[in-house]
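**Student:** Dropping in data-v6.cif, with mmCIF, C-alpha atoms.
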data_work
#
loop_
_atom_site.label_atom_id
_atom_site.label_comp_id
_atom_site.auth_asym_id
_atom_site.auth_seq_id
_atom_site.Cartn_x
_atom_site.Cartn_y
_atom_site.Cartn_z
CA MET E 161 8.63 24.60 -10.18
CA VAL E 162 10.89 21.91 -11.51
CA PRO E 163 9.89 18.48 -10.20
CA VAL E 164 12.41 17.21 -7.72
CA SER E 165 12.97 13.80 -6.31
CA SER E 166 14.37 12.95 -2.96
CA GLU E 167 14.32 10.22 -0.40
CA THR E 168 14.81 9.54 3.24
CA THR E 169 14.71 6.61 5.62
CA VAL E 170 12.77 6.52 8.85
CA ALA E 171 12.08 3.68 11.26
CA LEU E 172 8.66 2.73 12.54
CA PRO E 173 8.47 3.18 16.32
CA ALA E 174 9.07 -0.04 18.24
CA GLY E 175 5.85 -1.94 18.72
CA VAL E 176 3.93 -0.03 16.03
CA ALA E 177 3.21 -2.02 12.88
CA LEU E 178 2.08 -0.28 9.73
CA HIS E 179 -1.41 -1.77 9.86
CA ALA E 180 -4.97 -0.49 10.10
CA ARG E 181 -5.04 2.90 11.80
CA PRO E 182 -1.33 3.69 11.65
CA ALA E 183 -1.32 2.83 7.93
CA ALA E 184 -4.40 4.99 7.35
CA SER E 185 -2.76 7.88 9.15
CA PHE E 186 0.31 7.48 6.93
CA VAL E 187 -1.77 7.33 3.73
CA LYS E 188 -3.84 10.35 4.75
CA THR E 189 -0.65 12.32 5.21
CA ALA E 190 0.59 11.23 1.78
CA LEU E 191 -2.69 12.25 0.15
CA ARG E 192 -2.12 15.87 1.17
CA PHE E 193 0.67 16.18 -1.40
CA ARG E 194 0.83 16.24 -5.18
CA SER E 195 4.11 14.39 -5.48
CA GLN E 196 4.34 10.74 -6.34
CA LEU E 197 5.22 9.08 -3.05
CA THR E 198 6.64 5.63 -2.51
CA VAL E 199 7.34 3.70 0.67
CA ALA E 200 9.59 0.67 0.60
CA ALA E 201 10.22 -1.93 3.28
CA ASN E 202 11.10 -5.60 3.43
CA GLY E 203 12.21 -5.50 -0.19
CA LYS E 204 8.82 -4.30 -1.42
CA ALA E 205 7.73 -0.88 -2.61
CA ALA E 206 4.25 0.60 -2.33
CA ASN E 207 2.40 3.68 -3.47
CA ALA E 208 2.20 5.68 -0.22
CA LYS E 209 -1.26 6.94 -1.23
CA SER E 210 -2.78 3.46 -1.41
CA ILE E 211 -3.93 1.94 1.89
CA LEU E 212 -4.03 -1.56 0.42
CA ALA E 213 -0.50 -1.29 -0.96
CA VAL E 214 0.82 0.10 2.33
CA LEU E 215 -0.89 -2.66 4.33
CA ALA E 216 0.59 -5.27 2.00
CA LEU E 217 4.11 -4.22 3.00
CA GLY E 218 3.52 -5.97 6.30
CA ALA E 219 5.93 -3.60 8.03
CA THR E 220 6.29 -4.33 11.73
CA GLY E 221 7.52 -2.13 14.58
CA GLY E 222 11.07 -0.93 14.18
CA THR E 223 11.18 -1.62 10.43
CA ALA E 224 13.12 0.92 8.38
CA LEU E 225 10.89 2.57 5.81
CA ARG E 226 12.52 4.09 2.76
CA LEU E 227 10.42 7.03 1.63
CA SER E 228 10.85 8.56 -1.78
CA ALA E 229 9.07 11.44 -3.43
CA GLU E 230 8.96 12.91 -6.86
CA GLY E 231 7.19 16.16 -7.64
CA ASP E 232 7.12 19.84 -6.89
CA ASP E 233 6.30 19.36 -3.20
CA ALA E 234 8.61 16.37 -2.72
CA SER E 235 10.62 17.72 0.18
CA ASP E 236 7.57 18.93 2.12
CA ALA E 237 5.94 15.56 1.55
CA LEU E 238 8.94 13.62 2.84
CA GLN E 239 9.22 15.83 5.88
CA ALA E 240 5.53 15.34 6.68
CA LEU E 241 5.66 11.58 6.09
CA ALA E 242 8.78 11.10 8.18
CA GLY E 243 7.17 13.13 10.97
CA CYS E 244 4.02 11.06 10.68
CA VAL E 245 5.94 7.76 10.92
CA SER E 246 7.97 8.87 13.94
CA GLY E 247 4.81 9.93 15.72
CA LEU E 248 2.72 6.85 14.99
CA ILE E 249 1.10 5.14 17.91
CA GLU E 250 -0.63 1.79 17.99
CA MET K 247 -19.88 15.74 10.31
CA SER K 248 -18.30 17.10 7.25
CA ASN K 249 -18.25 17.07 3.52
CA LEU K 250 -16.76 13.70 2.85
CA VAL K 251 -17.87 11.16 0.27
CA GLY K 252 -20.13 8.59 1.92
CA ILE K 253 -19.78 4.83 1.59
CA VAL K 254 -22.65 2.33 1.48
CA LEU K 255 -22.05 -1.41 1.90
CA VAL K 256 -24.76 -3.66 0.52
CA SER K 257 -24.66 -7.31 1.49
CA HIS K 258 -27.00 -10.27 1.64
CA SER K 259 -25.93 -10.57 5.24
CA HIS K 260 -26.71 -8.08 8.00
CA GLU K 261 -23.62 -9.22 9.92
CA LEU K 262 -21.32 -8.96 6.92
CA ALA K 263 -22.42 -5.42 6.07
CA HIS K 264 -22.18 -4.27 9.70
CA GLY K 265 -18.89 -6.01 10.36
CA LEU K 266 -17.30 -4.51 7.28
CA ALA K 267 -18.66 -1.05 8.13
CA ASP K 268 -17.03 -1.40 11.56
CA LEU K 269 -13.74 -2.46 10.03
CA ALA K 270 -13.66 0.31 7.43
CA SER K 271 -14.57 2.93 10.06
CA GLN K 272 -11.96 1.61 12.43
CA VAL K 273 -9.25 1.94 9.79
CA ALA K 274 -10.34 5.20 8.19
CA GLY K 275 -11.65 7.00 11.25
CA ALA K 276 -15.13 7.82 12.46
CA GLU K 277 -15.49 11.00 10.39
CA VAL K 278 -16.37 9.07 7.23
CA ARG K 279 -19.95 7.88 6.99
CA VAL K 280 -19.82 4.17 6.25
CA GLU K 281 -23.38 2.86 6.20
CA PRO K 282 -24.31 -0.82 6.11
CA ALA K 283 -27.37 -2.15 4.28
CA GLY K 284 -27.42 -5.88 4.83
CA GLY K 285 -30.00 -8.62 4.94
CA GLY K 286 -33.63 -8.87 3.93
CA PRO K 287 -36.52 -7.05 5.61
CA ASP K 288 -37.12 -9.89 8.08
CA GLY K 289 -33.49 -10.33 9.04
CA SER K 290 -32.94 -13.24 6.69
CA LEU K 291 -30.24 -13.37 4.04
CA GLY K 292 -31.24 -11.08 1.21
CA THR K 293 -31.20 -7.46 0.15
CA SER K 294 -33.74 -4.75 0.71
CA GLY K 295 -34.16 -1.78 -1.59
CA ASP K 296 -35.58 0.26 1.28
CA ALA K 297 -32.57 -0.47 3.47
CA VAL K 298 -30.23 0.53 0.66
CA ARG K 299 -32.16 3.75 0.01
CA GLU K 300 -32.02 4.68 3.69
CA ALA K 301 -28.31 3.87 3.92
CA ILE K 302 -27.58 6.08 0.91
CA ALA K 303 -29.54 8.92 2.49
CA ARG K 304 -27.56 8.56 5.74
CA ALA K 305 -24.24 8.41 3.91
CA ASP K 306 -24.82 11.40 1.67
CA SER K 307 -23.41 14.65 2.99
CA GLY K 308 -23.47 16.33 -0.41
CA GLN K 309 -20.18 15.10 -1.85
CA GLY K 310 -21.61 11.93 -3.30
CA VAL K 311 -21.82 8.31 -2.26
CA VAL K 312 -19.89 5.26 -3.35
CA VAL K 313 -21.89 2.02 -3.12
CA LEU K 314 -20.24 -1.40 -2.89
CA ALA K 315 -22.24 -4.59 -3.11
CA ASP K 316 -21.23 -8.16 -2.34
CA LEU K 317 -22.69 -10.47 -4.99
CA GLY K 318 -25.38 -11.05 -7.58
CA SER K 319 -28.76 -9.79 -6.54
CA SER K 320 -27.40 -7.13 -4.21
CA ILE K 321 -25.95 -5.52 -7.34
CA LEU K 322 -29.34 -5.78 -9.02
CA THR K 323 -31.05 -4.21 -6.03
CA VAL K 324 -28.73 -1.21 -6.15
CA ARG K 325 -29.00 -0.89 -9.91
CA HIS K 326 -32.76 -0.99 -9.76
CA LEU K 327 -32.75 1.70 -7.09
CA LEU K 328 -30.43 3.97 -9.04
CA GLU K 329 -32.25 3.60 -12.35
CA GLY K 330 -32.94 7.00 -13.81
CA LYS K 331 -30.62 8.72 -11.34
CA THR K 332 -27.88 9.22 -13.83
CA ASN K 333 -26.30 12.39 -12.48
CA GLY K 334 -23.44 10.30 -11.10
CA HIS K 335 -23.81 11.56 -7.52
CA ILE K 336 -24.41 8.00 -6.29
CA ARG K 337 -21.86 5.62 -7.77
CA LEU K 338 -22.09 1.81 -7.74
CA VAL K 339 -18.53 0.54 -8.11
CA ASP K 340 -17.30 -2.81 -9.36
CA ALA K 341 -14.88 -3.63 -6.57
CA PRO K 342 -13.87 -6.36 -4.12
CA PHE K 343 -16.11 -5.91 -1.10
CA VAL K 344 -13.66 -5.83 1.81
CA GLU K 345 -10.63 -4.27 0.16
CA GLY K 346 -12.74 -1.85 -1.85
CA ALA K 347 -14.59 -0.66 1.26
CA VAL K 348 -11.40 -0.05 3.22
CA ALA K 349 -9.67 1.68 0.29
CA ALA K 350 -12.70 3.88 -0.38
CA ALA K 351 -13.14 4.81 3.28
CA VAL K 352 -9.51 5.84 3.69
CA MET K 353 -9.59 7.82 0.46
CA SER K 354 -12.75 9.58 1.57
CA SER K 355 -11.33 10.32 5.02
CA ALA K 356 -8.53 12.27 3.33
CA GLY K 357 -11.14 14.53 1.73
CA GLN K 358 -10.74 13.18 -1.79
CA SER K 359 -13.34 13.55 -4.54
CA LEU K 360 -16.10 11.11 -5.46
CA GLU K 361 -14.11 10.25 -8.57
CA ASP K 362 -10.98 9.40 -6.57
CA VAL K 363 -12.87 7.45 -3.90
CA ALA K 364 -14.63 5.37 -6.57
CA LYS K 365 -11.34 4.79 -8.34
CA ALA K 366 -9.62 3.65 -5.13
CA ALA K 367 -12.36 1.07 -4.60
CA GLU K 368 -12.14 -0.21 -8.17
CA GLU K 369 -8.35 -0.36 -8.13
CA ALA K 370 -8.53 -2.59 -5.07
CA ARG K 371 -9.13 -5.44 -7.48
CA GLY K 372 -5.47 -5.40 -8.54
CA ALA K 373 -3.97 -5.06 -5.07
CA SER K 374 -1.89 -7.90 -3.68
CA LYS K 375 -2.45 -8.73 -0.01
CA PHE K 376 1.15 -9.51 0.71
#
What do you get writing this file as structure tokens?

**Tutor:**
Amino acid sequence: MVPVSSETTVALPAGVALHARPAASFVKTALRFRSQLTVAANGKAANAKSILAVLALGATGGTALRLSAEGDDASDALQALAGCVSGLIE
Amino acid sequence: MSNLVGIVLVSHSHELAHGLADLASQVAGAEVRVEPAGGGPDGSLGTSGDAVREAIARADSGQGVVVLADLGSSILTVRHLLEGKTNGHIRLVDAPFVEGAVAAAVMSSAGQSLEDVAKAAEEARGASKF
């Protein structure tokens, strides 16, 4: 398959920061895919497969996360990540 | 449970090893075996080869074990213990203690290989905190 790139934006649920367990849940979802996955917030971009990079974003509840993916499973990865973010609980 | 890479945390301090194991487990989830080996035999500051050996045995579910150590002689203790065991199944990594433990535990919890878990710990050195 030809590598594709795509992106989407999804907001963190109100009151759920991307720290500790929510961040780990996000990273675990990202690790299921082969594509290169990036999450950007607050003017910073992070490798979505790195817990330390995701934690360093310091994204708080309600923050818009810009998700981008590049690879042969890019669209599946974005769908899964967006679903993960929407469903995060504290 | 499960066939996940185990993590062993070797510290001079019992509290530091246990506290970090709690933190890493809390972030990564309870399915990863994160085993502390901290303090000397009598509860003082120090490291114990026996405690490290037991922690490695508890952490090992067959997929390998990544060992992180805090400073100086805790590294020597692990090295001494692993001497001659060169099959690479137990891997001492050169990584920041806290960040490396959390990165390794999360990587393991996602079912990644020993190689990838070790790499995540080592790459923690270059990670900015904010």

**Student:** Taking all atoms listed in the file into account, name the residue in K:Ala364, K:Ala297, K:Ala274, K:Ala305 that is nearest to Val254 of chain K.

**Tutor:**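 Answer, going by the shortest atom-to-atom distance: K:Ala305.
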
**Student:** Pull out every residue that the PyMOL selection byres ((chain K and resi 328-342) around 6) matches in the shown coordinates and put them as a VMD selection string.

**Tutor:** chain K and resid 310 to 314 325 to 327 343 to 346 367 to 368 371

**Student:** Can you translate the PyMOL selection byres ((chain K) within 8 of (chain E)) into the concrete residues it hits in this file, as an NGL selection string?

**Tutor:** :K and (272-275 or 345 or 348-349 or 352-353 or 355-356 or 366 or 370 or 373-376)

**Student:** How would the residues just picked look written out with C-alpha atoms as a compact mmCIF listing (two decimals), keeping the file's coordinate frame?

**Tutor:**
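Ended up saving to again38.txt:
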# COMPACT_ATOMS: atom_id res chain seq x y z
CA GLN K 272 -11.96 1.61 12.43
CA VAL K 273 -9.25 1.94 9.79
CA ALA K 274 -10.34 5.20 8.19
CA GLY K 275 -11.65 7.00 11.25
CA GLU K 345 -10.63 -4.27 0.16
CA VAL K 348 -11.40 -0.05 3.22
CA ALA K 349 -9.67 1.68 0.29
CA VAL K 352 -9.51 5.84 3.69
CA MET K 353 -9.59 7.82 0.46
CA SER K 355 -11.33 10.32 5.02
CA ALA K 356 -8.53 12.27 3.33
CA ALA K 366 -9.62 3.65 -5.13
CA ALA K 370 -8.53 -2.59 -5.07
CA ALA K 373 -3.97 -5.06 -5.07
CA SER K 374 -1.89 -7.90 -3.68
CA LYS K 375 -2.45 -8.73 -0.01
CA PHE K 376 1.15 -9.51 0.71

**Student:** Have a look at atom CA of Ser259 of chain K and atom CA of Glu369 of chain K and let me know their distance in Å, one decimal.

**Tutor:**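 Interatomic distance here is 24.3 Å.
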
**Student:** What residues come out when you apply the PyMOL selection byres ((chain E and resi 225-228) around 12) to this file, written as number ranges by chain?

**Tutor:** E: 164-173, 177-178, 186, 190, 195-208, 214, 217-224, 229-231, 233-246

**Student:** Taking into account only C-alpha atoms, which residue in the set K:Asp316, K:Asp268, K:Glu300, K:Asp306 is nearest to Gly252 of chain K?

**Tutor:** K:Asp306

**Student:** Kindly give the distance, in Å, that separates atom CA of Gly292 of chain K and atom CA of Ala351 of chain K, rounded to a single decimal.

**Tutor:**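 So the two atoms, atom CA of Gly292 of chain K and atom CA of Ala351 of chain K, lie 24.2 Å apart.
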
**Student:** As an exercise, work out the distance from atom CA of Arg299 of chain K to atom CA of Thr323 of chain K in Å and give it to one decimal place.

**Tutor:** 10.1 Å
